[in-house]
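S.K.: Below is target.txt; it holds compact mmCIF, C-alpha atoms and all ligand atoms.
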# COMPACT_ATOMS: atom_id res chain seq x y z
CA MET A 89 0.00 0.00 0.00
CA ASP A 90 1.23 3.54 -0.63
CA PRO A 91 2.03 5.71 2.42
CA ILE A 92 -0.87 8.06 1.66
CA SER A 93 -3.64 5.46 1.90
CA THR A 94 -1.95 4.00 4.97
CA ILE A 95 -2.56 7.30 6.76
CA LEU A 96 -5.89 8.25 5.16
CA ASP A 97 -7.32 4.87 6.20
CA TYR A 98 -7.03 6.05 9.80
CA TYR A 99 -7.23 9.84 9.64
CA PRO A 100 -9.55 12.14 7.68
CA ALA A 101 -6.67 14.37 6.52
CA LEU A 102 -2.94 14.04 5.98
CA VAL A 103 -0.66 16.92 6.94
CA ILE A 104 2.11 17.83 4.49
CA ASP A 105 5.07 19.89 5.72
CA GLY A 106 5.81 23.54 4.87
CA ALA A 107 8.57 25.42 3.07
CA LEU A 108 12.10 24.15 3.41
CA ALA A 109 13.96 27.02 1.74
CA THR A 110 12.19 29.72 3.75
CA GLU A 111 13.06 27.93 6.95
CA LEU A 112 16.69 27.43 5.91
CA GLU A 113 17.00 31.16 5.20
CA ARG A 114 15.46 31.96 8.55
CA ARG A 115 18.26 29.88 10.08
CA GLY A 116 20.93 31.86 8.27
CA CYS A 117 21.57 29.73 5.18
CA ASP A 118 22.37 31.67 2.02
CA LEU A 119 20.12 30.48 -0.80
CA LYS A 120 20.96 33.19 -3.33
CA ASP A 121 22.18 30.60 -5.72
CA ASP A 122 20.85 28.81 -8.81
CA LEU A 123 20.88 25.61 -6.81
CA TRP A 124 18.64 27.12 -4.12
CA SER A 125 18.19 24.80 -1.15
CA ALA A 126 20.29 22.15 -2.88
CA ARG A 127 23.33 24.26 -2.06
CA VAL A 128 22.69 23.70 1.63
CA LEU A 129 22.83 19.96 0.96
CA LEU A 130 26.43 20.48 0.03
CA GLU A 131 27.40 22.88 2.76
CA GLN A 132 25.05 22.55 5.76
CA PRO A 133 23.23 19.21 5.65
CA GLU A 134 22.66 19.22 9.42
CA VAL A 135 20.40 22.29 9.16
CA ILE A 136 18.20 20.44 6.65
CA ARG A 137 17.84 17.48 9.02
CA GLN A 138 16.85 19.88 11.80
CA VAL A 139 14.17 21.59 9.67
CA HIS A 140 12.65 18.19 8.80
CA LEU A 141 12.64 17.31 12.48
CA ASP A 142 10.91 20.58 13.36
CA TYR A 143 8.18 19.93 10.79
CA PHE A 144 7.58 16.47 12.25
CA LYS A 145 7.37 18.06 15.69
CA ALA A 146 4.88 20.59 14.30
CA GLY A 147 2.68 17.67 13.23
CA ALA A 148 3.61 16.96 9.60
CA ASP A 149 2.85 13.43 8.42
CA CYS A 150 5.49 13.67 5.75
CA ALA A 151 8.71 15.46 4.87
CA ILE A 152 9.44 16.62 1.36
CA THR A 153 13.17 16.24 0.71
CA ALA A 154 15.63 18.96 -0.31
CA SER A 155 15.93 17.59 -3.84
CA TYR A 156 13.55 20.02 -5.57
CA GLN A 157 16.38 21.75 -7.37
CA ALA A 158 18.98 19.02 -6.97
CA THR A 159 19.73 17.44 -10.31
CA VAL A 160 22.65 15.59 -11.79
CA GLU A 161 22.92 18.17 -14.56
CA GLY A 162 22.79 21.10 -12.12
CA PHE A 163 25.45 19.66 -9.83
CA GLN A 164 27.70 18.78 -12.76
CA ARG A 165 27.59 22.42 -13.83
CA ARG A 166 28.95 23.22 -10.39
CA GLY A 167 31.89 20.92 -10.94
CA LEU A 168 30.70 17.73 -9.26
CA ASN A 169 31.07 14.49 -11.14
CA GLU A 170 28.16 12.15 -11.79
CA LYS A 171 28.76 9.97 -8.76
CA GLU A 172 29.14 12.95 -6.42
CA SER A 173 25.93 14.45 -7.84
CA ILE A 174 23.97 11.25 -7.26
CA ASP A 175 25.39 10.91 -3.74
CA LEU A 176 24.25 14.44 -2.92
CA ILE A 177 20.74 13.82 -4.26
CA GLN A 178 20.58 10.68 -2.13
CA THR A 179 21.79 12.67 0.89
CA SER A 180 18.52 14.63 0.71
CA VAL A 181 16.59 11.39 1.28
CA HIS A 182 18.95 10.12 3.98
CA LEU A 183 18.60 13.38 5.94
CA ALA A 184 14.80 13.22 5.92
CA LEU A 185 14.80 9.51 6.83
CA ALA A 186 17.22 10.19 9.71
CA ALA A 187 15.00 13.00 11.02
CA ARG A 188 11.93 10.75 10.76
CA ASP A 189 13.63 7.86 12.56
CA GLU A 190 14.91 10.14 15.29
CA PHE A 191 11.44 11.62 15.74
CA TRP A 192 9.73 8.23 15.78
CA SER A 193 12.21 6.68 18.19
CA GLU A 194 10.72 8.80 21.01
CA THR A 195 7.64 7.03 22.31
CA THR A 196 6.01 10.33 23.36
CA ASN A 197 6.07 11.50 19.75
CA ARG A 198 3.93 8.58 18.65
CA THR A 199 0.79 9.43 20.57
CA GLY A 200 -2.23 10.03 18.37
CA ARG A 201 -0.45 10.02 15.08
CA ALA A 202 0.79 7.88 12.23
CA ARG A 203 4.45 7.20 11.49
CA PRO A 204 5.49 10.01 9.14
CA PHE A 205 6.91 9.21 5.72
CA VAL A 206 9.47 10.73 3.38
CA ALA A 207 8.35 12.06 -0.02
CA ALA A 208 11.33 12.73 -2.27
CA SER A 209 10.93 15.95 -4.18
CA VAL A 210 11.05 15.77 -7.96
CA GLY A 211 11.03 19.43 -8.99
CA PRO A 212 10.20 20.43 -12.56
CA TYR A 213 12.73 21.03 -15.34
CA GLY A 214 11.97 24.73 -14.85
CA ALA A 215 13.45 24.63 -11.34
CA PHE A 216 16.74 23.42 -12.80
CA LEU A 217 16.66 26.36 -15.23
CA ALA A 218 16.30 28.64 -12.18
CA ASP A 219 14.61 31.37 -14.22
CA GLY A 220 11.10 31.09 -12.79
CA SER A 221 9.87 28.86 -15.62
CA GLU A 222 8.34 26.38 -13.18
CA TYR A 223 5.56 28.99 -13.10
CA ARG A 224 5.35 29.30 -16.89
CA GLY A 225 6.24 26.02 -18.59
CA ASN A 226 6.86 26.40 -22.35
CA TYR A 227 10.25 24.70 -22.20
CA ALA A 228 10.31 23.65 -25.88
CA MET A 229 11.37 20.15 -24.80
CA SER A 230 9.95 16.86 -26.04
CA GLU A 231 8.40 14.32 -23.69
CA LYS A 232 11.40 12.07 -24.30
CA ASP A 233 13.88 14.87 -23.48
CA LEU A 234 12.01 15.54 -20.25
CA MET A 235 12.09 11.84 -19.35
CA ASP A 236 15.84 11.80 -19.97
CA PHE A 237 16.26 14.85 -17.75
CA HIS A 238 14.21 13.39 -14.88
CA ARG A 239 15.50 9.80 -15.04
CA PRO A 240 18.85 9.96 -13.15
CA ARG A 241 17.44 11.87 -10.18
CA MET A 242 14.32 9.74 -9.98
CA ARG A 243 16.46 6.61 -9.96
CA ALA A 244 18.74 8.07 -7.26
CA LEU A 245 15.78 9.03 -5.05
CA VAL A 246 14.12 5.63 -5.37
CA GLU A 247 17.38 3.79 -4.66
CA ALA A 248 18.05 6.00 -1.62
CA GLY A 249 14.95 4.53 0.03
CA ALA A 250 12.35 7.31 -0.22
CA ASP A 251 8.88 6.14 0.81
CA MET A 252 7.36 7.84 -2.22
CA LEU A 253 8.01 10.65 -4.72
CA ALA A 254 6.59 14.18 -4.58
CA CYS A 255 6.52 15.30 -8.22
CA GLU A 256 5.73 18.94 -7.60
CA THR A 257 5.22 22.41 -9.06
CA ILE A 258 4.74 20.85 -12.50
CA PRO A 259 3.72 23.67 -14.88
CA SER A 260 2.78 21.76 -18.03
CA LEU A 261 0.89 18.70 -19.22
CA ILE A 262 3.84 17.47 -21.27
CA GLU A 263 6.04 17.37 -18.18
CA ALA A 264 3.33 15.53 -16.22
CA ARG A 265 3.13 13.01 -19.06
CA ALA A 266 6.90 12.56 -19.07
CA ILE A 267 6.97 11.96 -15.31
CA ALA A 268 4.02 9.57 -15.46
CA ALA A 269 5.71 7.58 -18.22
CA LEU A 270 9.01 7.53 -16.34
CA LEU A 271 7.34 6.27 -13.16
CA ARG A 272 6.60 3.01 -14.97
CA GLU A 273 10.35 2.37 -15.10
CA PHE A 274 10.30 2.30 -11.28
CA PRO A 275 7.23 0.17 -10.57
CA SER A 276 7.95 -0.27 -6.87
CA ILE A 277 7.43 3.41 -6.00
CA SER A 278 4.27 5.50 -5.72
CA ALA A 279 4.14 9.25 -6.31
CA TRP A 280 1.95 12.27 -5.96
CA LEU A 281 1.70 14.63 -8.88
CA SER A 282 1.16 18.29 -8.13
CA PHE A 283 0.82 21.15 -10.60
CA SER A 284 1.52 24.86 -10.29
CA ALA A 285 -1.47 26.89 -11.46
CA ARG A 286 -2.05 30.38 -12.88
CA ASP A 287 -5.70 30.79 -11.85
CA GLU A 288 -8.65 28.71 -10.60
CA LYS A 289 -8.83 26.52 -13.70
CA HIS A 290 -5.53 26.48 -15.55
CA ILE A 291 -2.11 25.09 -14.72
CA SER A 292 0.82 27.45 -15.25
CA GLU A 293 1.36 26.74 -18.95
CA GLY A 294 -2.34 27.22 -19.66
CA GLN A 295 -3.86 23.73 -19.97
CA LEU A 296 -7.09 23.06 -18.08
CA LEU A 297 -6.32 21.36 -14.78
CA VAL A 298 -9.31 19.09 -15.20
CA ASP A 299 -7.89 17.74 -18.49
CA CYS A 300 -4.47 17.10 -16.91
CA VAL A 301 -6.02 15.24 -13.99
CA LYS A 302 -8.13 13.12 -16.35
CA GLU A 303 -5.00 11.96 -18.16
CA LEU A 304 -3.35 10.82 -14.95
CA GLU A 305 -6.40 9.21 -13.39
CA SER A 306 -5.73 5.66 -14.61
CA HIS A 307 -2.04 5.65 -13.57
CA THR A 308 -1.87 3.18 -10.70
CA GLN A 309 1.40 4.51 -9.22
CA ILE A 310 -0.01 8.03 -8.80
CA ALA A 311 -1.45 8.02 -5.29
CA ALA A 312 -2.71 11.62 -5.11
CA ILE A 313 -3.11 14.59 -7.47
CA GLY A 314 -3.35 18.28 -6.80
CA VAL A 315 -1.74 21.70 -6.79
CA ASN A 316 1.13 23.37 -4.91
CA CYS A 317 3.10 26.61 -4.94
CA THR A 318 0.07 28.57 -6.08
CA SER A 319 -1.71 31.47 -4.38
CA PRO A 320 -4.23 30.36 -1.73
CA LYS A 321 -6.88 32.52 -3.39
CA TYR A 322 -7.19 30.02 -6.26
CA ILE A 323 -7.09 26.89 -4.11
CA PRO A 324 -10.82 26.24 -3.47
CA GLY A 325 -11.57 26.48 -7.21
CA LEU A 326 -8.60 24.30 -8.11
CA ILE A 327 -9.69 21.63 -5.64
CA GLY A 328 -13.13 21.59 -7.29
CA ASN A 329 -11.57 21.20 -10.72
CA THR A 330 -9.31 18.38 -9.55
CA LYS A 331 -12.17 16.52 -7.86
CA GLN A 332 -14.24 16.60 -11.03
CA ALA A 333 -11.74 14.31 -12.72
CA THR A 334 -10.36 11.99 -10.06
CA GLU A 335 -11.22 9.45 -7.40
CA LYS A 336 -7.70 9.76 -5.98
CA PRO A 337 -7.10 11.84 -2.84
CA VAL A 338 -6.63 15.52 -3.71
CA LEU A 339 -3.62 17.38 -2.31
CA VAL A 340 -2.98 21.10 -1.90
CA TYR A 341 0.00 22.90 -0.46
CA PRO A 342 -0.24 26.50 -1.61
CA ASN A 343 2.43 29.15 -1.10
CA SER A 344 1.72 32.14 1.09
CA GLY A 345 0.41 34.17 -1.86
CA GLU A 346 3.51 36.25 -2.51
CA SER A 347 4.95 36.15 -6.02
CA TYR A 348 8.37 34.92 -7.01
CA ASP A 349 10.87 37.16 -8.80
CA ALA A 350 13.36 34.82 -10.48
CA GLU A 351 15.71 37.67 -11.45
CA LYS A 352 16.17 38.77 -7.88
CA ASN A 353 15.68 35.29 -6.47
CA ALA A 354 13.20 36.82 -4.02
CA TRP A 355 9.53 36.75 -3.02
CA ASN A 356 7.47 39.95 -3.30
CA GLY A 357 4.17 41.21 -1.96
CA ASP A 358 2.22 40.32 1.13
CA ARG A 359 0.93 37.06 2.41
CA VAL A 360 -2.61 36.71 1.09
CA LEU A 361 -3.86 35.04 4.25
CA SER A 362 -3.30 36.42 7.70
CA SER A 363 -3.51 32.94 9.12
CA PHE A 364 -2.51 30.42 6.51
CA GLY A 365 -3.25 27.36 8.63
CA GLU A 366 -6.78 28.45 9.46
CA HIS A 367 -7.73 27.89 5.83
CA ALA A 368 -7.04 24.18 5.98
CA ARG A 369 -10.62 23.50 7.07
CA GLU A 370 -11.97 25.40 4.04
CA TRP A 371 -9.72 23.39 1.71
CA TYR A 372 -10.80 20.19 3.42
CA ARG A 373 -14.47 21.09 2.94
CA ALA A 374 -13.77 21.77 -0.72
CA GLY A 375 -12.47 18.19 -0.97
CA ALA A 376 -8.71 18.20 -0.27
CA ARG A 377 -7.37 15.36 1.88
CA LEU A 378 -3.63 16.14 1.93
CA ILE A 379 -2.95 19.68 3.11
CA GLY A 380 0.26 21.59 3.79
CA GLY A 381 2.24 24.63 2.74
CA CYS A 382 4.75 25.51 0.04
CA CYS A 383 7.06 28.53 -0.27
CA ARG A 384 7.07 31.05 2.58
CA THR A 385 5.09 28.84 4.97
CA THR A 386 6.58 27.84 8.31
CA PRO A 387 6.41 25.17 11.03
CA GLU A 388 3.99 27.50 12.87
CA ASP A 389 1.60 27.35 9.88
CA ILE A 390 1.87 23.55 9.79
CA GLN A 391 1.26 23.36 13.51
CA VAL A 392 -2.07 25.18 13.05
CA ILE A 393 -3.07 22.73 10.29
CA ALA A 394 -1.99 19.68 12.31
CA SER A 395 -3.76 20.84 15.42
CA TRP A 396 -6.99 21.24 13.46
CA ALA A 397 -6.55 17.92 11.59
CA ARG A 398 -5.79 15.87 14.72
CA ASN A 399 -8.22 17.58 17.12
CA ASP A 400 -11.18 19.55 15.72
CA LEU A 401 -11.53 17.49 12.54
CA LEU A 402 -11.40 14.16 14.37
CA MET A 403 -13.99 15.40 16.85
CA GLU A 404 -16.32 16.56 14.06
CA ARG A 405 -16.11 13.12 12.54
CA THR A 406 -17.00 11.13 15.64
ZN ZN A 501 6.75 26.66 -3.45
Mind converting the file's structure to structure tokens?
M.R.:
Amino acid sequence: MDPISTILDYYPALVIDGALATELERRGCDLKDDLWSARVLLEQPEVIRQVHLDYFKAGADCAITASYQATVEGFQRRGLNEKESIDLIQTSVHLALAARDEFWSETTNRTGRARPFVAASVGPYGAFLADGSEYRGNYAMSEKDLMDFHRPRMRALVEAGADMLACETIPSLIEARAIAALLREFPSISAWLSFSARDEKHISEGQLLVDCVKELESHTQIAAIGVNCTSPKYIPGLIGNTKQATEKPVLVYPNSGESYDAEKNAWNGDRVLSSFGEHAREWYRAGARLIGGCCRTTPEDIQVIASWARNDLLMERT
């Protein structure tokens, strides 16, 4: 069974973690780099382990690894050889697994919750380009080229022992197709597939979300479908569009509503929601079953979601 159904069999909602990069910056890591949080993998792996641990303590049922922007091609450009690049990608999984095992080894941490799992991040090709194109798509790449790009990292993440894959911030249908096709080469692993969206109906490149979800619906390795790194204001509509086309659990982990400036490598504007976590109940009512936060969200936000999911929501249900 995939780790998502294992938890959703017992709990009405599954809590995803929040932003990794934001939290690393808050702890003094310098992410002004094309490799983004992947750079910290090289230089300060211990801080990554600590952030994962803090999200588990906040109530997250899963950790998304620091491999979003970690790719063999990206690391090779920085002078690492292929083996070193693969080792570093696998380090992202080992750090999250170590944090999970440390968390779970304390009996007091186990009360009233499921054993958390590790979802290895498969960021889009656009994240490797580091020019903001994960929010635009239009890469001018064939499905085969995209499969070739994603293959070495996906293999490394699976072999490192990740519980599942988090294929996230996918801006285009062609990239979703490439990832779905590639998953069949690794039949032992399940994955969630999560798009970035430009409004209530369309993913970033412009295709209708409902059409994208329809295409993925029959793929047995895809355990959940949804949207991440998108403004919370579009989330209720996007959940409705996803639900129209799937029986799979729907996931959402929006960003805080600020917009990303790839040139400056910075986030602009204000948080759309004063209390991010308070909106989890609205997203649940709209039909989402996996709920967390993406860029600019914090362990405090996740704590609000977890407290609702493991207290109020459970009470409502009984
Ligand atoms: Zn994000």
S.K.: Excluding Ile104 in chain A and its own-chain neighbours fewer than 5 positions away, which residues fall within 6 Å of it when counting all atoms listed in the file? Please give them as a ChimeraX atom specification.
M.R.: /A:148-150,379-380
S.K.: I want to know what sits within 12 Å of Arg286 in chain A, based on all atoms listed in the file, with residues of the same chain fewer than 6 positions away left out; could you give that as number ranges by chain?
M.R.: A: 222-225, 257-260, 292-297, 315-323, 325-326, 345, 347
S.K.: Using all atoms listed in the file, can you tell me which of A:Leu129, A:Leu271, A:Ile291, A:Cys382 comes closest to Val246 in chain A?
M.R.: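 For Val246 in chain A, the nearest of the given residues is A:Leu271.
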S.K.: Return the single residue from A:Cys383, A:Ala158, A:Ala312, A:Leu168 that is closest to ligand ZN 501 (chain A), with distances computed using only C-alpha atoms and all ligand atoms.
M.R.: A:Cys383
S.K.: What is the distance between CA of Arg115 in chain A and CA of Lys145 in chain A, in Å to one decimal?
M.R.: 17.0 Å
S.K.: With only C-alpha atoms as the atoms that count, which of A:Pro212, A:Gly116, A:Gly200, A:Pro240 lies nearest to Asp175 in chain A?
M.R.: A:Pro240
S.K.: CA of Tyr348 in chain A and atom ZN of ligand ZN 501 (chain A), how far apart in Å?
M.R.: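 For atom ZN of ligand ZN 501 (chain A) relative to CA of Tyr348 in chain A, the distance reads 9.1 Å.
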S.K.: As number ranges by chain, please: the residues near Lys171 in chain A (cut-off 12 Å, only C-alpha atoms, same-chain neighbours under 2 positions excluded).
M.R.: A: 159-161, 163-164, 167-169, 173-178, 240-241, 244
